[in-house]
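What follows is a short report on a single structure.
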There are 2 protein chains.
Amino acid sequence: MSLIKELMNALQILPGVGPKTAQRLTFHLLQKDKSGGQHLAEVLQTAIKNIRECESCRTLTERDVCKICANPSRTPAQLCVVETPADIIHLEQATDFKGRYFVLHGKLSPIDGVGPGELKLNRLVDLLVECDELIIATGSTVEGETTAQYLSHLAEQGGIKATRLAHGVPLGGDLEYIDNSTLAHAFASRTQL
Amino acid sequence: MSLIKELMNALQILPGVGPKTAQRLTFHLLQKDKSGGQHLAEVLQTAIKNIRECESCRTLTERDVCKICANPSRTPAQLCVVETPADIIHLEQATDFKGRYFVLHGKLSPIDGVGPGELKLNRLVDLLVECDELIIATGSTVEGETTAQYLSHLAEQGGIKATRLAHGVPLGGDLEYIDNSTLAHAFASRTQL
Ligand SMILES: [Zn+2]
Ligand SMILES: [Zn+2]
């Protein structure tokens, strides 16, 4: 296989990139912006090698403990549980939340065999010790709601207040597609479960 | 800047990739498909290092002379002039052309200061020695037609038949967006200029 074809194929691992787009990207990288392409290749390699999960909240980071968890001005008394690291970026942009996060890296889905063990929720339990309020920011999909119910039980058992983002999160939608102001509103008017 | 942000920025050199898409691609590469991402980084680096222009036709290749130019069963008597390497891929898929190509890497645009010198068209003249038919496959944009007229003159001076892809190429459009069967039809019914 020629190197050009290899590059076209390699680009198709990207979500939303089919053969036609891959071809356009290939010629862009090899002709229009070689230095940008070289930089992309280097950064991608370094990132893949160095980025791992934060030992505390499990978001992606190049440190042992991420910037948010390592920041002493962020209180462990408020813990916000999200499905993905992208949700943290989104909440940080949209709100002035000063607590900590915990990333589920998924959601409970008994039908797919994803239970508390698969999500390693025991690591959440350690964080609940210092926690007064568990803010459950999973999406409002079926699995998001199932997960929220489970987390709410967990909080109840620990005598911790559990809150959930206010409606405003579109029904059946993931956090990813919500605009900042809707998300800020939903976060501000979160309700106790 | 964190490595994650650096990767998000680096991805935005890709055409059509804004901040939102870059974020999605970043988490895909760092979580869902690390090995695909590692492979992409390596192939991209190797391709940028090794791919250059064919010494004869100027398409992109990892050899001194590309596969088509090096193929003795492809006749130099028919020479097809295209704007980009992508056009060669497209024509090879759509037609059973057995001649050779020449890549302009652009088109004449006097208004933008792109003349025969900028496109190094002297390198085309060498190829005309062995050529009976110059197939002009530039797009039917204003610049594409200007270029075609110039090439047609060049062929005339050399006593070479010049042909142009038949109508079927949408007016005002580049080759890139034409489906295979329209392109095959246009190629088969090319007309003498
Ligand atoms: Zn952390
Ligand atoms: Zn060649």
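The chains in the structure tokens are called A, B, ... from first to last as shown; in each chain the residues are counted from 1, and the ligands are counted from 1 in the order shown.
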
Could you list, as a PDB file with N, CA and C atoms, in the first residue's frame, all the residues within 7 Å of ligand 2, counting only C-alpha atoms and all ligand atoms?
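Result file follows (pocket04.pdb):
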```pdb
ATOM      1  N   CYS B  54       6.420  13.721  -7.808  1.00  0.00           N
ATOM      2  CA  CYS B  54       7.001  12.872  -8.856  1.00  0.00           C
ATOM      3  C   CYS B  54       7.848  13.746  -9.784  1.00  0.00           C
ATOM      4  N   GLU B  55       9.031  13.262 -10.114  1.00  0.00           N
ATOM      5  CA  GLU B  55       9.946  14.048 -10.955  1.00  0.00           C
ATOM      6  C   GLU B  55       9.385  14.281 -12.354  1.00  0.00           C
ATOM      7  N   SER B  56       8.476  13.423 -12.766  1.00  0.00           N
ATOM      8  CA  SER B  56       7.917  13.577 -14.102  1.00  0.00           C
ATOM      9  C   SER B  56       6.560  14.304 -14.076  1.00  0.00           C
ATOM     10  N   CYS B  57       5.577  13.733 -13.390  1.00  0.00           N
ATOM     11  CA  CYS B  57       4.217  14.289 -13.493  1.00  0.00           C
ATOM     12  C   CYS B  57       3.867  15.247 -12.350  1.00  0.00           C
ATOM     13  N   ARG B  58       4.686  15.263 -11.296  1.00  0.00           N
ATOM     14  CA  ARG B  58       4.506  16.141 -10.147  1.00  0.00           C
ATOM     15  C   ARG B  58       3.352  15.765  -9.222  1.00  0.00           C
ATOM     16  N   THR B  59       2.807  14.532  -9.362  1.00  0.00           N
ATOM     17  CA  THR B  59       1.825  14.119  -8.367  1.00  0.00           C
ATOM     18  C   THR B  59       2.584  13.775  -7.087  1.00  0.00           C
ATOM     19  N   VAL B  65       9.928   8.647  -8.975  1.00  0.00           N
ATOM     20  CA  VAL B  65       8.967   8.696 -10.076  1.00  0.00           C
ATOM     21  C   VAL B  65       7.765   7.867  -9.652  1.00  0.00           C
ATOM     22  N   CYS B  66       6.567   8.406  -9.842  1.00  0.00           N
ATOM     23  CA  CYS B  66       5.374   7.731  -9.311  1.00  0.00           C
ATOM     24  C   CYS B  66       5.078   6.439 -10.064  1.00  0.00           C
ATOM     25  N   LYS B  67       4.171   5.648  -9.482  1.00  0.00           N
ATOM     26  CA  LYS B  67       3.798   4.357 -10.066  1.00  0.00           C
ATOM     27  C   LYS B  67       3.287   4.484 -11.497  1.00  0.00           C
ATOM     28  N   ILE B  68       2.491   5.510 -11.754  1.00  0.00           N
ATOM     29  CA  ILE B  68       1.910   5.659 -13.094  1.00  0.00           C
ATOM     30  C   ILE B  68       2.996   5.993 -14.107  1.00  0.00           C
ATOM     31  N   CYS B  69       3.848   6.962 -13.779  1.00  0.00           N
ATOM     32  CA  CYS B  69       4.924   7.344 -14.709  1.00  0.00           C
ATOM     33  C   CYS B  69       5.912   6.206 -14.912  1.00  0.00           C
ATOM     34  N   TYR B 101      -0.108  11.562 -16.801  1.00  0.00           N
ATOM     35  CA  TYR B 101      -0.681  12.793 -16.260  1.00  0.00           C
ATOM     36  C   TYR B 101       0.385  13.885 -16.108  1.00  0.00           C
TER      37      TYR B 101
END
```

Quiz item: Hey, what's within 10 Å of Leu29 in chain B if we count only C-alpha atoms and toss same-chain stuff fewer than 3 positions away? As number ranges by chain, please?
Solution: A: 13-15, 44, 47-48; B: 7, 23-26, 32-38, 40

Output of the above residues as a short mmCIF file (atom, residue, chain, number, x, y, z; two decimals), in the first residue's frame, restricted to N, CA and C atoms:
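To be explicit, this is the file written out as part36.cif:
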```
data_model
loop_
_atom_site.label_atom_id
_atom_site.label_comp_id
_atom_site.auth_asym_id
_atom_site.auth_seq_id
_atom_site.Cartn_x
_atom_site.Cartn_y
_atom_site.Cartn_z
N ILE A 13 -9.90 6.56 11.20
CA ILE A 13 -10.26 6.18 12.57
C ILE A 13 -10.99 7.34 13.25
N LEU A 14 -10.86 8.55 12.70
CA LEU A 14 -11.50 9.70 13.32
C LEU A 14 -13.01 9.65 13.10
N PRO A 15 -13.78 9.93 14.17
CA PRO A 15 -15.24 9.89 14.01
C PRO A 15 -15.70 10.91 12.98
N LEU A 44 0.21 14.71 19.04
CA LEU A 44 -0.63 13.51 19.22
C LEU A 44 0.15 12.40 19.89
N ALA A 47 0.86 13.36 23.52
CA ALA A 47 -0.37 13.29 24.32
C ALA A 47 -0.74 11.85 24.62
N ILE A 48 -0.68 10.99 23.60
CA ILE A 48 -1.04 9.58 23.81
C ILE A 48 -0.11 8.94 24.83
N LEU B 7 -3.32 19.54 21.95
CA LEU B 7 -3.81 18.61 20.93
C LEU B 7 -5.07 19.17 20.26
N GLN B 23 -12.37 19.04 20.09
CA GLN B 23 -12.52 18.45 21.41
C GLN B 23 -13.00 17.00 21.31
N ARG B 24 -13.98 16.78 20.44
CA ARG B 24 -14.51 15.42 20.26
C ARG B 24 -13.40 14.50 19.74
N LEU B 25 -12.64 14.98 18.75
CA LEU B 25 -11.57 14.17 18.18
C LEU B 25 -10.51 13.87 19.25
N THR B 26 -10.18 14.88 20.06
CA THR B 26 -9.16 14.71 21.10
C THR B 26 -9.53 13.59 22.06
N LYS B 32 -10.90 6.49 23.26
CA LYS B 32 -11.56 5.40 22.54
C LYS B 32 -10.60 4.62 21.64
N ASP B 33 -9.63 5.30 21.04
CA ASP B 33 -8.80 4.61 20.06
C ASP B 33 -7.36 5.10 20.12
N LYS B 34 -6.69 4.80 21.24
CA LYS B 34 -5.30 5.21 21.42
C LYS B 34 -4.39 4.58 20.38
N SER B 35 -4.60 3.30 20.07
CA SER B 35 -3.69 2.64 19.14
C SER B 35 -3.89 3.20 17.72
N GLY B 36 -5.14 3.49 17.38
CA GLY B 36 -5.40 4.14 16.09
C GLY B 36 -4.76 5.51 16.04
N GLY B 37 -4.79 6.23 17.15
CA GLY B 37 -4.18 7.55 17.22
C GLY B 37 -2.67 7.48 17.10
N GLN B 38 -2.08 6.49 17.78
CA GLN B 38 -0.64 6.29 17.70
C GLN B 38 -0.23 5.96 16.26
N LEU B 40 -1.91 6.72 13.54
CA LEU B 40 -2.10 7.94 12.73
C LEU B 40 -0.90 8.88 12.86
#
```

Quiz item: Looking only at the backbone, which of the residues in range 29-165 of chain A does DSSP tag as strand (DSSP E), as number ranges by chain?
Solution: A: 52-53, 60-61, 78-82, 100-103, 133-136, 161-164

Practice problem: Measuring atom to atom with only C-alpha atoms and all ligand atoms, identify which of A:Val103, A:Gln78, A:Thr95, A:Ser2 is nearest to ligand 1. | Solution: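 Checking each of A:Val103, A:Gln78, A:Thr95, A:Ser2 against ligand 1, counting only C-alpha atoms and all ligand atoms, the winner is A:Val103.
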
Exercise. Report the residues of range 42-162 of chain A whose backbone DSSP state falls under alpha helix (DSSP H), written as a ChimeraX atom specification.
Key: /A:42-50,67-70,85-94,122-128,142-157

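CA of Lys98 in chain A lies 24.8 Å from CA of Lys120 in chain A.
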
Quiz item: Near Gly139 in chain B, within 6 Å and counting only C-alpha atoms, which residues show up once chain neighbours fewer than 5 positions away are dropped, as a list in words?
Solution: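 Answer for this query is Gly144, Asp174 and Leu175 of chain B.
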
Quiz item: So which one's closest to Lys161 in chain B, B:Ile111, B:Ile178, B:Cys131, B:Ala184? Using only C-alpha atoms, please.
Solution: B:Cys131

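Shortest atom-to-atom contact with ligand 1 among A:Cys80, A:Ile4, A:Ala148, A:Ala10: A:Cys80, counting only C-alpha atoms and all ligand atoms.
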
Quiz prompt | Separation of CA of Arg52 in chain A from CA of Lys49 in chain B in Å | solution =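 That distance, rounded to one decimal, is 29.2 Å.
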
Quiz item: Of the residues A:Leu30, A:Val81, A:Thr21, A:Leu11, which is the one nearest to ligand 1, using only C-alpha atoms and all ligand atoms?
Solution: A:Val81
